[in-house]
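Okay, so here's the structure we're looking at.
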Amino acid sequence: MNQLEKNSWQQVLSVFQAIWGYDEFRKPQGEIVRNLLAGKDALIIMPTGGGKSICFQLPALLQNGLTLVVSPLVALMENQVQELQQKKLPAALLHSELSSFEKRKTLQNIAGQKLRLLYLSPETLLSPPVWEKISEPHLKINALILDEAHCLVQWGDTFRPAYRRLGAVRKALLKSKPSGEKISIAAFTATADLAGQKIIKEVLQLQQPEIYRLNPYRSNLSPKVHIAWTPRGRKQQLFNFVQKKSPNPGLVYVRTRSDSENIAAWLEKKGYPTASYHAGLNAEERRRIETQWLDGEIPFVVCTSAFGMGINKSNVRWVIHFHPPLLLSEYVQEIGRAGRDGLASDALMLVSEPTGWLDPEDKQRQNFFTEKARSQLLNAEELIKKLPPTGNVAAVSQKLKDSALALSLLHSMGKLEWVDPFHYKINHNNLKGKRHKNIKHQQKSDASSHFKGQTHAIKNMKKYITTKNCRWQFLLDAFGFTQDAENWCCGHCDNCRK
């Protein structure tokens with residue numbers, strides 16, 4: 001932001017120091033703040049705990065108008081908004097779990113231009129009451145921030161179809177605003193490989209974005225992978241690890257709600273105070289467990305991927321994955337909960353033996369994901385035959401089951417365009433002039449290509465599990481930091497120690 005005069009930048013620093021109490025920005029926080037104050041698009045890849053939220057919160061607070069922060073989890077939104085409100089800063093959130101009174105109050109504050117930051121999910125952003133309010137001509141929108149942008153790339157149970165429509169938001173909003181107004185878009189994530197970065201830029205329609213990339217390496221975090229030869233052996237390894245690390249704070253990650261409940265109950269019987277945490281719990285129960293863990297009343301939580309994003313506890317000494325995550329991006333996010341204070345921390349992943357004969361759980365989980373992805377693609381291909389050339393997402397969703405997911409898949413295959421966040425147009429350009437059988441062949445080819453892209457991430461996780469080289473070197477290379485990874489040896493992962 002070369003337009004900022006020296007005196008103006010001193011004012012930025014003064015506000016930063018007054019609110020957060022730090023003397024200086026960490027690199028590249030200052031550059032990102034400058035970029036967003038200049039109204040430019042950006043893609044920011046910074047490690048978990050690297051101070052990403054300050055980079056968009058500070059510019060939002062320094063400008064007149066509203067900054068929209070799209071966030072995937074209620075817990076993540078509540079954690080950040082609570083911290084801002086404790087500092088008496090004009091921030092609020094909207095999500096489905098709020099009471100009617102709270103929603104109405106926040107909508108009134110938006111209309112009255114009393115807010116600088118509004119946190120909400122993509123689904124809430126595109127809901128009629130919110131969209132109507134933020135589209136009002138007098139309301140200035142400065143920026144659209146996509147926090148945890150890897151959610152746009154991730155698949156399976158973590159995929160949210162509404163993310164695919166976010167690229168049409170800026171153009172649609174500007175149509176209702178006075179001529180000459182601008183809205184910048186910035187995407188923040190800790191984990192995006194080169195393919196993921198390309199998807200984020202394309203889907204969000206970023207315009208000549210500045211790209212800021214810090215590699216995910218953490219010198220104080222030691223990743224390890226242990227084989228669990230049997231289901232019983234897996235539980236015993238978990239128990240031994242918890243016993244060794246207790247009472248230091250930690251997290252046990254599992255892949256399903258039932259695993260979370262069963263393992264938490266089992267460890268409680270063994271004498272360890274803990275709790276099961278997953279997306280199926282009501283809001284009050286989730287907040288209670290988060291508070292107990294943050295306050296040290298329970299040393300660890302047995303949780304699914306629903307726990308962790310944005311919940312800041314600096315002294316987490318260990319993370320154990322009872323089952324391997326499907327995606328490397330999930331894995332790096334989750335081990336990143338440990339060691340935010342810079343002190344030595346461990347990250348252990350338990351995996352089935354390679355053949356899967358003695359413990360088939362890991363292979364079964366991968367196969368389930370693969371078949372689910374394949375089925376979703378086939379359903380999307382079938383749906384395109386039933387869709388009108390143009391249509392409304394809500395109207396189609398009422399008539400056809402799972403159509404929101406199918407529409408997003410068709411968009412990801414280049415067969416559908418968003419006219420605006422609520423209307424689509426089928427893209428038949430690639431099909432013109434071809435016979436029916438060739439069209440059918442083209443559809444299969446598109447689906448096959450897209451399917452390979454979805455399953456590539458699973459293969460990457462398998463390669464990480466079986467690599468004999470430095471684990472941090474593998475992760476750096478997988479996330480596009482190839483030069484950093486050359487001749488790398490961290491010296492503290494299990495492979496380097498061998």
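Residues in the structure tokens are numbered from 1 in each chain, the chains being A, B, ... in the order shown, and ligands are numbered from 1 in the order shown.
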Give me, as a PDB file with all heavy atoms, in the first residue's frame, the residues of segment 246-281 of chain A that a backbone DSSP run labels alpha helix (DSSP H).
ATOM      1  N   ARG A 257     -18.114 -39.491  14.924  1.00  0.00           N
ATOM      2  CA  ARG A 257     -18.758 -39.131  16.183  1.00  0.00           C
ATOM      3  C   ARG A 257     -18.785 -40.302  17.148  1.00  0.00           C
ATOM      4  O   ARG A 257     -18.552 -40.133  18.346  1.00  0.00           O
ATOM      5  CB  ARG A 257     -20.184 -38.658  15.912  1.00  0.00           C
ATOM      6  CG  ARG A 257     -20.278 -37.395  15.088  1.00  0.00           C
ATOM      7  CD  ARG A 257     -21.732 -36.996  14.811  1.00  0.00           C
ATOM      8  NE  ARG A 257     -21.804 -35.839  13.933  1.00  0.00           N
ATOM      9  CZ  ARG A 257     -22.934 -35.231  13.593  1.00  0.00           C
ATOM     10  NH1 ARG A 257     -24.093 -35.687  14.054  1.00  0.00           N
ATOM     11  NH2 ARG A 257     -22.918 -34.185  12.793  1.00  0.00           N
ATOM     12  N   SER A 258     -19.078 -41.495  16.622  1.00  0.00           N
ATOM     13  CA  SER A 258     -19.156 -42.667  17.502  1.00  0.00           C
ATOM     14  C   SER A 258     -17.798 -42.981  18.112  1.00  0.00           C
ATOM     15  O   SER A 258     -17.707 -43.348  19.290  1.00  0.00           O
ATOM     16  CB  SER A 258     -19.690 -43.876  16.730  1.00  0.00           C
ATOM     17  OG  SER A 258     -18.861 -44.192  15.621  1.00  0.00           O
ATOM     18  N   ASP A 259     -16.711 -42.838  17.331  1.00  0.00           N
ATOM     19  CA  ASP A 259     -15.371 -43.033  17.886  1.00  0.00           C
ATOM     20  C   ASP A 259     -15.113 -42.034  19.010  1.00  0.00           C
ATOM     21  O   ASP A 259     -14.547 -42.383  20.057  1.00  0.00           O
ATOM     22  CB  ASP A 259     -14.304 -42.852  16.797  1.00  0.00           C
ATOM     23  CG  ASP A 259     -14.192 -44.058  15.882  1.00  0.00           C
ATOM     24  OD1 ASP A 259     -14.482 -45.177  16.338  1.00  0.00           O
ATOM     25  OD2 ASP A 259     -13.805 -43.880  14.712  1.00  0.00           O
ATOM     26  N   SER A 260     -15.523 -40.800  18.789  1.00  0.00           N
ATOM     27  CA  SER A 260     -15.317 -39.765  19.800  1.00  0.00           C
ATOM     28  C   SER A 260     -16.005 -40.136  21.116  1.00  0.00           C
ATOM     29  O   SER A 260     -15.407 -40.049  22.196  1.00  0.00           O
ATOM     30  CB  SER A 260     -15.853 -38.426  19.282  1.00  0.00           C
ATOM     31  OG  SER A 260     -15.818 -37.432  20.270  1.00  0.00           O
ATOM     32  N   GLU A 261     -17.246 -40.560  21.023  1.00  0.00           N
ATOM     33  CA  GLU A 261     -18.012 -40.906  22.226  1.00  0.00           C
ATOM     34  C   GLU A 261     -17.471 -42.161  22.904  1.00  0.00           C
ATOM     35  O   GLU A 261     -17.309 -42.207  24.130  1.00  0.00           O
ATOM     36  CB  GLU A 261     -19.483 -41.091  21.851  1.00  0.00           C
ATOM     37  CG  GLU A 261     -20.156 -39.782  21.432  1.00  0.00           C
ATOM     38  CD  GLU A 261     -21.512 -39.990  20.787  1.00  0.00           C
ATOM     39  OE1 GLU A 261     -21.893 -41.164  20.562  1.00  0.00           O
ATOM     40  OE2 GLU A 261     -22.207 -38.987  20.500  1.00  0.00           O
ATOM     41  N   ASN A 262     -17.180 -43.191  22.103  1.00  0.00           N
ATOM     42  CA  ASN A 262     -16.735 -44.468  22.671  1.00  0.00           C
ATOM     43  C   ASN A 262     -15.366 -44.365  23.327  1.00  0.00           C
ATOM     44  O   ASN A 262     -15.138 -44.895  24.426  1.00  0.00           O
ATOM     45  CB  ASN A 262     -16.704 -45.549  21.583  1.00  0.00           C
ATOM     46  CG  ASN A 262     -18.086 -45.882  21.054  1.00  0.00           C
ATOM     47  OD1 ASN A 262     -19.086 -45.655  21.737  1.00  0.00           O
ATOM     48  ND2 ASN A 262     -18.164 -46.414  19.855  1.00  0.00           N
ATOM     49  N   ILE A 263     -14.433 -43.674  22.669  1.00  0.00           N
ATOM     50  CA  ILE A 263     -13.076 -43.574  23.209  1.00  0.00           C
ATOM     51  C   ILE A 263     -13.039 -42.664  24.429  1.00  0.00           C
ATOM     52  O   ILE A 263     -12.331 -42.941  25.403  1.00  0.00           O
ATOM     53  CB  ILE A 263     -12.100 -43.097  22.116  1.00  0.00           C
ATOM     54  CG1 ILE A 263     -11.951 -44.201  21.061  1.00  0.00           C
ATOM     55  CG2 ILE A 263     -10.739 -42.754  22.696  1.00  0.00           C
ATOM     56  CD1 ILE A 263     -11.228 -43.773  19.817  1.00  0.00           C
ATOM     57  N   ALA A 264     -13.822 -41.600  24.409  1.00  0.00           N
ATOM     58  CA  ALA A 264     -13.887 -40.722  25.587  1.00  0.00           C
ATOM     59  C   ALA A 264     -14.432 -41.490  26.788  1.00  0.00           C
ATOM     60  O   ALA A 264     -13.896 -41.379  27.906  1.00  0.00           O
ATOM     61  CB  ALA A 264     -14.756 -39.505  25.297  1.00  0.00           C
ATOM     62  N   ALA A 265     -15.477 -42.281  26.573  1.00  0.00           N
ATOM     63  CA  ALA A 265     -16.060 -43.085  27.665  1.00  0.00           C
ATOM     64  C   ALA A 265     -15.054 -44.094  28.182  1.00  0.00           C
ATOM     65  O   ALA A 265     -14.932 -44.312  29.405  1.00  0.00           O
ATOM     66  CB  ALA A 265     -17.323 -43.789  27.180  1.00  0.00           C
ATOM     67  N   TRP A 266     -14.321 -44.726  27.272  1.00  0.00           N
ATOM     68  CA  TRP A 266     -13.314 -45.733  27.645  1.00  0.00           C
ATOM     69  C   TRP A 266     -12.185 -45.108  28.477  1.00  0.00           C
ATOM     70  O   TRP A 266     -11.772 -45.665  29.497  1.00  0.00           O
ATOM     71  CB  TRP A 266     -12.759 -46.368  26.370  1.00  0.00           C
ATOM     72  CG  TRP A 266     -11.656 -47.346  26.577  1.00  0.00           C
ATOM     73  CD1 TRP A 266     -11.741 -48.583  27.154  1.00  0.00           C
ATOM     74  CD2 TRP A 266     -10.275 -47.175  26.207  1.00  0.00           C
ATOM     75  NE1 TRP A 266     -10.505 -49.188  27.157  1.00  0.00           N
ATOM     76  CE2 TRP A 266      -9.588 -48.349  26.586  1.00  0.00           C
ATOM     77  CE3 TRP A 266      -9.568 -46.167  25.584  1.00  0.00           C
ATOM     78  CZ2 TRP A 266      -8.223 -48.531  26.361  1.00  0.00           C
ATOM     79  CZ3 TRP A 266      -8.201 -46.334  25.348  1.00  0.00           C
ATOM     80  CH2 TRP A 266      -7.549 -47.507  25.734  1.00  0.00           C
ATOM     81  N   LEU A 267     -11.695 -43.924  28.057  1.00  0.00           N
ATOM     82  CA  LEU A 267     -10.617 -43.271  28.790  1.00  0.00           C
ATOM     83  C   LEU A 267     -11.092 -42.750  30.154  1.00  0.00           C
ATOM     84  O   LEU A 267     -10.318 -42.741  31.119  1.00  0.00           O
ATOM     85  CB  LEU A 267     -10.034 -42.127  27.957  1.00  0.00           C
ATOM     86  CG  LEU A 267      -9.159 -42.561  26.770  1.00  0.00           C
ATOM     87  CD1 LEU A 267      -8.851 -41.389  25.856  1.00  0.00           C
ATOM     88  CD2 LEU A 267      -7.855 -43.192  27.268  1.00  0.00           C
ATOM     89  N   GLU A 268     -12.356 -42.334  30.227  1.00  0.00           N
ATOM     90  CA  GLU A 268     -12.899 -41.903  31.521  1.00  0.00           C
ATOM     91  C   GLU A 268     -12.936 -43.069  32.510  1.00  0.00           C
ATOM     92  O   GLU A 268     -12.643 -42.905  33.691  1.00  0.00           O
ATOM     93  CB  GLU A 268     -14.285 -41.300  31.323  1.00  0.00           C
ATOM     94  CG  GLU A 268     -14.228 -39.872  30.798  1.00  0.00           C
ATOM     95  CD  GLU A 268     -15.581 -39.173  30.869  1.00  0.00           C
ATOM     96  OE1 GLU A 268     -16.515 -39.631  30.180  1.00  0.00           O
ATOM     97  OE2 GLU A 268     -15.689 -38.192  31.621  1.00  0.00           O
ATOM     98  N   LYS A 269     -13.273 -44.247  32.002  1.00  0.00           N
ATOM     99  CA  LYS A 269     -13.267 -45.440  32.857  1.00  0.00           C
ATOM    100  C   LYS A 269     -11.861 -45.769  33.336  1.00  0.00           C
ATOM    101  O   LYS A 269     -11.680 -46.355  34.404  1.00  0.00           O
ATOM    102  CB  LYS A 269     -13.854 -46.637  32.102  1.00  0.00           C
ATOM    103  CG  LYS A 269     -15.367 -46.585  31.936  1.00  0.00           C
ATOM    104  CD  LYS A 269     -15.866 -47.825  31.217  1.00  0.00           C
ATOM    105  CE  LYS A 269     -17.383 -47.771  31.037  1.00  0.00           C
ATOM    106  NZ  LYS A 269     -17.885 -48.957  30.278  1.00  0.00           N
TER     107      LYS A 269
END
Counting only C-alpha atoms, which residues of segment 186-276 of chain A sit at most 12 Å from some atom of segment 455-464 of chain A, and what is each one's closest atom pair with its distance in Å to one decimal, listed by chain and rising residue number, as a Markdown table?
| residue | atom | partner | partner_atom | distance |
| --- | --- | --- | --- | --- |
| A:Ala192 | CA | A:Ala457 | CA | 11.5 |
| A:Asp193 | CA | A:Ala457 | CA | 10.2 |
| A:Ala195 | CA | A:Ala457 | CA | 10.4 |
| A:Gly196 | CA | A:Ala457 | CA | 10.4 |
| A:Pro223 | CA | A:Tyr464 | CA | 11.0 |
| A:Lys224 | CA | A:Tyr464 | CA | 10.7 |
| A:Val225 | CA | A:Tyr464 | CA | 9.4 |
Could you take the residues named above and write them with C-alpha atoms, as a tab-separated table (two decimals), in the first residue's frame?
chain	number	residue	atom	x	y	z
A	192	ALA	CA	-3.08	-25.00	0.48
A	193	ASP	CA	-0.88	-26.83	-2.01
A	195	ALA	CA	-3.49	-27.12	-6.86
A	196	GLY	CA	-5.48	-25.82	-3.89
A	223	PRO	CA	5.58	-35.56	13.92
A	224	LYS	CA	5.60	-39.34	14.33
A	225	VAL	CA	3.73	-42.26	12.73
Proximity to Ser53 of chain A - best of A:Asn312, A:Asn282, A:Lys270, A:Val242, only C-alpha atoms
A:Asn312
Please, which residues of segment 132-333 of chain A, numbered as in this document, come out strand (DSSP E) from DSSP, as a PyMOL selection string?
chain A and resi 141-146+184-189+210-213+221-228+250-253+276-277+300-303+318-321
Create the file for the chosen residues now, containing N, CA, C and O atoms and written as a compact mmCIF listing (two decimals), in the first residue's frame.
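result03.txt, freshly written:
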# COMPACT_ATOMS: atom_id res chain seq x y z
N ILE A 141 -19.54 -1.90 1.83
CA ILE A 141 -18.83 -3.15 2.11
C ILE A 141 -17.39 -2.98 1.63
O ILE A 141 -17.15 -2.74 0.45
N ASN A 142 -16.44 -3.09 2.54
CA ASN A 142 -15.03 -2.90 2.18
C ASN A 142 -14.40 -4.16 1.63
O ASN A 142 -13.64 -4.11 0.66
N ALA A 143 -14.67 -5.29 2.28
CA ALA A 143 -13.95 -6.51 1.91
C ALA A 143 -14.75 -7.75 2.26
O ALA A 143 -15.59 -7.75 3.17
N LEU A 144 -14.46 -8.80 1.50
CA LEU A 144 -14.96 -10.13 1.80
C LEU A 144 -13.74 -10.98 2.16
O LEU A 144 -12.83 -11.17 1.34
N ILE A 145 -13.70 -11.45 3.41
CA ILE A 145 -12.58 -12.25 3.90
C ILE A 145 -13.02 -13.71 3.99
O ILE A 145 -14.03 -14.01 4.63
N LEU A 146 -12.28 -14.59 3.38
CA LEU A 146 -12.56 -16.03 3.51
C LEU A 146 -11.53 -16.61 4.46
O LEU A 146 -10.36 -16.79 4.10
N SER A 184 -12.74 -5.66 -1.92
CA SER A 184 -11.60 -6.56 -2.09
C SER A 184 -11.94 -7.93 -1.50
O SER A 184 -12.84 -8.06 -0.66
N ILE A 185 -11.23 -8.94 -1.97
CA ILE A 185 -11.40 -10.30 -1.45
C ILE A 185 -10.04 -10.82 -1.00
O ILE A 185 -9.05 -10.72 -1.75
N ALA A 186 -10.00 -11.37 0.19
CA ALA A 186 -8.76 -11.98 0.70
C ALA A 186 -9.08 -13.35 1.27
O ALA A 186 -10.03 -13.52 2.02
N ALA A 187 -8.28 -14.33 0.87
CA ALA A 187 -8.45 -15.71 1.35
C ALA A 187 -7.28 -16.07 2.24
O ALA A 187 -6.12 -15.91 1.85
N PHE A 188 -7.59 -16.55 3.44
CA PHE A 188 -6.57 -16.92 4.43
C PHE A 188 -6.64 -18.42 4.71
O PHE A 188 -7.73 -18.97 4.91
N THR A 189 -5.49 -19.07 4.75
CA THR A 189 -5.45 -20.48 5.13
C THR A 189 -4.05 -20.84 5.62
O THR A 189 -3.07 -20.15 5.29
N GLU A 210 -2.27 -10.35 -4.58
CA GLU A 210 -0.95 -10.49 -3.96
C GLU A 210 -0.95 -11.82 -3.20
O GLU A 210 -1.95 -12.14 -2.54
N ILE A 211 0.13 -12.56 -3.31
CA ILE A 211 0.19 -13.87 -2.66
C ILE A 211 1.28 -13.84 -1.60
O ILE A 211 2.44 -13.49 -1.88
N TYR A 212 0.90 -14.20 -0.39
CA TYR A 212 1.84 -14.25 0.74
C TYR A 212 1.91 -15.69 1.22
O TYR A 212 0.88 -16.27 1.59
N ARG A 213 3.10 -16.28 1.21
CA ARG A 213 3.23 -17.69 1.57
C ARG A 213 4.35 -17.88 2.59
O ARG A 213 5.48 -17.48 2.37
N LEU A 221 7.68 -28.76 16.73
CA LEU A 221 6.64 -29.78 16.58
C LEU A 221 7.23 -31.02 15.92
O LEU A 221 7.76 -30.95 14.80
N SER A 222 7.15 -32.16 16.63
CA SER A 222 7.79 -33.39 16.17
C SER A 222 6.75 -34.41 15.72
O SER A 222 6.11 -35.06 16.56
N PRO A 223 6.56 -34.58 14.40
CA PRO A 223 5.58 -35.56 13.92
C PRO A 223 6.12 -36.99 13.93
O PRO A 223 7.30 -37.22 13.63
N LYS A 224 5.24 -37.93 14.28
CA LYS A 224 5.60 -39.34 14.33
C LYS A 224 4.43 -40.16 13.79
O LYS A 224 3.27 -39.77 13.95
N VAL A 225 4.74 -41.32 13.19
CA VAL A 225 3.73 -42.26 12.73
C VAL A 225 4.05 -43.62 13.30
O VAL A 225 5.18 -44.10 13.15
N HIS A 226 3.09 -44.24 13.99
CA HIS A 226 3.28 -45.59 14.56
C HIS A 226 2.25 -46.54 13.97
O HIS A 226 1.07 -46.19 13.82
N ILE A 227 2.69 -47.75 13.66
CA ILE A 227 1.76 -48.77 13.17
C ILE A 227 1.01 -49.39 14.35
O ILE A 227 1.62 -49.72 15.37
N ALA A 228 -0.30 -49.50 14.20
CA ALA A 228 -1.13 -50.22 15.18
C ALA A 228 -1.53 -51.54 14.51
O ALA A 228 -2.30 -51.54 13.55
N GLY A 250 -3.66 -31.65 25.76
CA GLY A 250 -3.53 -32.27 24.45
C GLY A 250 -4.87 -32.45 23.77
O GLY A 250 -5.92 -32.02 24.27
N LEU A 251 -4.85 -33.09 22.61
CA LEU A 251 -6.05 -33.39 21.84
C LEU A 251 -5.94 -34.78 21.23
O LEU A 251 -4.87 -35.15 20.73
N VAL A 252 -7.03 -35.53 21.28
CA VAL A 252 -7.12 -36.83 20.60
C VAL A 252 -8.08 -36.65 19.43
O VAL A 252 -9.27 -36.40 19.63
N TYR A 253 -7.57 -36.77 18.21
CA TYR A 253 -8.43 -36.64 17.02
C TYR A 253 -8.88 -38.00 16.52
O TYR A 253 -8.07 -38.92 16.36
N SER A 276 -16.15 -35.98 24.98
CA SER A 276 -16.33 -36.22 23.55
C SER A 276 -16.84 -34.93 22.91
O SER A 276 -17.76 -34.30 23.41
N TYR A 277 -16.24 -34.57 21.76
CA TYR A 277 -16.62 -33.33 21.08
C TYR A 277 -16.80 -33.61 19.60
O TYR A 277 -15.90 -34.11 18.93
N PHE A 300 -7.53 -33.05 28.14
CA PHE A 300 -7.63 -33.28 26.70
C PHE A 300 -9.07 -33.59 26.31
O PHE A 300 -9.91 -33.94 27.13
N VAL A 301 -9.34 -33.44 25.02
CA VAL A 301 -10.67 -33.69 24.45
C VAL A 301 -10.53 -34.74 23.35
O VAL A 301 -9.55 -34.71 22.59
N VAL A 302 -11.48 -35.65 23.27
CA VAL A 302 -11.52 -36.63 22.18
C VAL A 302 -12.48 -36.08 21.14
O VAL A 302 -13.69 -36.02 21.37
N CYS A 303 -11.93 -35.64 20.00
CA CYS A 303 -12.73 -34.81 19.10
C CYS A 303 -12.59 -35.21 17.63
O CYS A 303 -11.63 -35.87 17.23
N TRP A 318 0.63 -31.88 23.06
CA TRP A 318 0.57 -33.07 22.20
C TRP A 318 -0.75 -33.17 21.46
O TRP A 318 -1.78 -32.66 21.92
N VAL A 319 -0.67 -33.78 20.28
CA VAL A 319 -1.85 -34.13 19.49
C VAL A 319 -1.66 -35.56 19.01
O VAL A 319 -0.58 -35.90 18.50
N ILE A 320 -2.67 -36.40 19.18
CA ILE A 320 -2.60 -37.76 18.66
C ILE A 320 -3.79 -38.01 17.74
O ILE A 320 -4.93 -37.67 18.06
N HIS A 321 -3.50 -38.55 16.57
CA HIS A 321 -4.53 -38.97 15.63
C HIS A 321 -4.77 -40.47 15.83
O HIS A 321 -3.91 -41.27 15.47
Polymer residues at most 10 Å from Val74 of chain A, only C-alpha atoms, same-chain spacing of 3 or more positions, as JSON, numbers by chain:
{"A": [71, 77, 78, 79, 93, 94, 95, 96, 97, 119, 120, 121, 283, 286, 287, 306, 309, 310]}
Restricted to C-alpha atoms, what would the selected residues look like written as an mmCIF file, in the first residue's frame?
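Result saved to out_10.cif:
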data_model
loop_
_atom_site.group_PDB
_atom_site.id
_atom_site.type_symbol
_atom_site.label_atom_id
_atom_site.label_comp_id
_atom_site.auth_asym_id
_atom_site.auth_seq_id
_atom_site.Cartn_x
_atom_site.Cartn_y
_atom_site.Cartn_z
ATOM 1 C CA SER A 71 -15.879 -18.653 8.502
ATOM 2 C CA MET A 77 -16.532 -17.306 14.833
ATOM 3 C CA GLU A 78 -17.512 -17.124 18.494
ATOM 4 C CA ASN A 79 -13.911 -17.326 19.686
ATOM 5 C CA LEU A 93 -21.600 -12.755 14.232
ATOM 6 C CA LEU A 94 -24.587 -14.415 12.629
ATOM 7 C CA HIS A 95 -25.289 -18.145 12.605
ATOM 8 C CA SER A 96 -28.252 -20.505 12.781
ATOM 9 C CA GLU A 97 -27.849 -21.247 16.499
ATOM 10 C CA TYR A 119 -18.585 -13.029 10.983
ATOM 11 C CA LEU A 120 -20.882 -15.521 9.282
ATOM 12 C CA SER A 121 -20.919 -18.857 7.478
ATOM 13 C CA ALA A 283 -24.067 -25.257 20.917
ATOM 14 C CA ARG A 286 -19.771 -27.534 22.706
ATOM 15 C CA ARG A 287 -19.080 -24.193 24.419
ATOM 16 C CA ALA A 306 -15.132 -30.040 14.267
ATOM 17 C CA MET A 309 -10.040 -24.116 14.208
ATOM 18 C CA GLY A 310 -9.656 -20.719 15.832
#
Show me, as a list in words, the residues that have an atom within 10 Å of Trp131 of chain A when counting only C-alpha atoms, minus same-chain residues fewer than 6 positions from it.
Thr124, Leu125, Val169 and Leu173 of chain A
Go ahead and dump the residues you just picked, N, CA and C atoms, as a PDB file, in the first residue's frame.
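Saved the output as selection.pdb:
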ATOM      1  N   THR A 124     -25.109 -18.642   5.784  1.00  0.00           N
ATOM      2  CA  THR A 124     -25.784 -17.485   6.375  1.00  0.00           C
ATOM      3  C   THR A 124     -25.627 -16.246   5.489  1.00  0.00           C
ATOM      4  N   LEU A 125     -24.436 -16.058   4.920  1.00  0.00           N
ATOM      5  CA  LEU A 125     -24.203 -14.931   4.013  1.00  0.00           C
ATOM      6  C   LEU A 125     -25.210 -14.936   2.860  1.00  0.00           C
ATOM      7  N   VAL A 169     -20.226 -13.406  -5.337  1.00  0.00           N
ATOM      8  CA  VAL A 169     -20.741 -12.467  -4.331  1.00  0.00           C
ATOM      9  C   VAL A 169     -20.336 -11.028  -4.633  1.00  0.00           C
ATOM     10  N   LEU A 173     -22.945  -7.936  -5.255  1.00  0.00           N
ATOM     11  CA  LEU A 173     -23.062  -6.847  -4.280  1.00  0.00           C
ATOM     12  C   LEU A 173     -22.804  -5.490  -4.923  1.00  0.00           C
TER      13      LEU A 173
END
Length of the atom CA of Glu330 of chain A to atom CA of Ser305 of chain A vector [Å]:
7.8 Å
So which residues touch Thr48 of chain A within 9 Å, counting only C-alpha atoms, skipping near sequence neighbours fewer than 4 positions away, as a PDB file with C-alpha atoms, in the first residue's frame?
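Okay, result.pdb is ready:
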ATOM      1  CA  LYS A  52      -3.691 -14.397  10.418  1.00  0.00           C
ATOM      2  CA  THR A 189      -5.446 -20.481   5.133  1.00  0.00           C
ATOM      3  CA  ALA A 190      -2.655 -22.421   6.800  1.00  0.00           C
ATOM      4  CA  THR A 191      -2.729 -25.218   4.238  1.00  0.00           C
ATOM      5  CA  PRO A 216       4.194 -24.667   7.568  1.00  0.00           C
ATOM      6  CA  MET A 309     -10.040 -24.116  14.208  1.00  0.00           C
ATOM      7  CA  GLY A 310      -9.656 -20.719  15.832  1.00  0.00           C
ATOM      8  CA  VAL A 332      -1.392 -30.034   9.201  1.00  0.00           C
ATOM      9  CA  GLN A 333      -4.296 -27.969  10.538  1.00  0.00           C
ATOM     10  CA  GLU A 334      -4.858 -30.370  13.421  1.00  0.00           C
ATOM     11  CA  GLY A 336      -0.907 -27.130  14.336  1.00  0.00           C
ATOM     12  CA  ARG A 337      -3.022 -26.891  17.510  1.00  0.00           C
ATOM     13  CA  ARG A 340       1.724 -22.407  19.789  1.00  0.00           C
TER      14      ARG A 340
END
Please provide as a PyMOL selection string all residues within 9 Å of Ala478 of chain A, with the sequence filter that same-chain residues fewer than 3 positions apart are discarded (counting only C-alpha atoms).
chain A and resi 193-194+328+460+473-475+481-482
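Separating atom CA of Lys114 of chain A from atom CA of Phe56 of chain A is a distance of 18.1 Å.
Closest approach to Gln243 of chain A among A:Pro299, A:Ile183, A:Asn109, A:Gly491 is made by A:Pro299 (distances from only C-alpha atoms).
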Tell me which protein, DNA and RNA residues are within 12 Å of segment 395-397 of chain A, counting only C-alpha atoms, leaving out same-chain ones fewer than 3 positions away, and put them as a PyMOL selection string.
chain A and resi 161+383-384+386-392+400-408+422-424
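Residue nearest Ala394 of chain A, chosen from A:Ile465, A:Gln292, A:Gln10, A:Pro421 and counting only C-alpha atoms: A:Pro421.
Taking atom CA of Asp147 of chain A and atom CA of Asp484 of chain A as the two end points, the separation is 25.6 Å.
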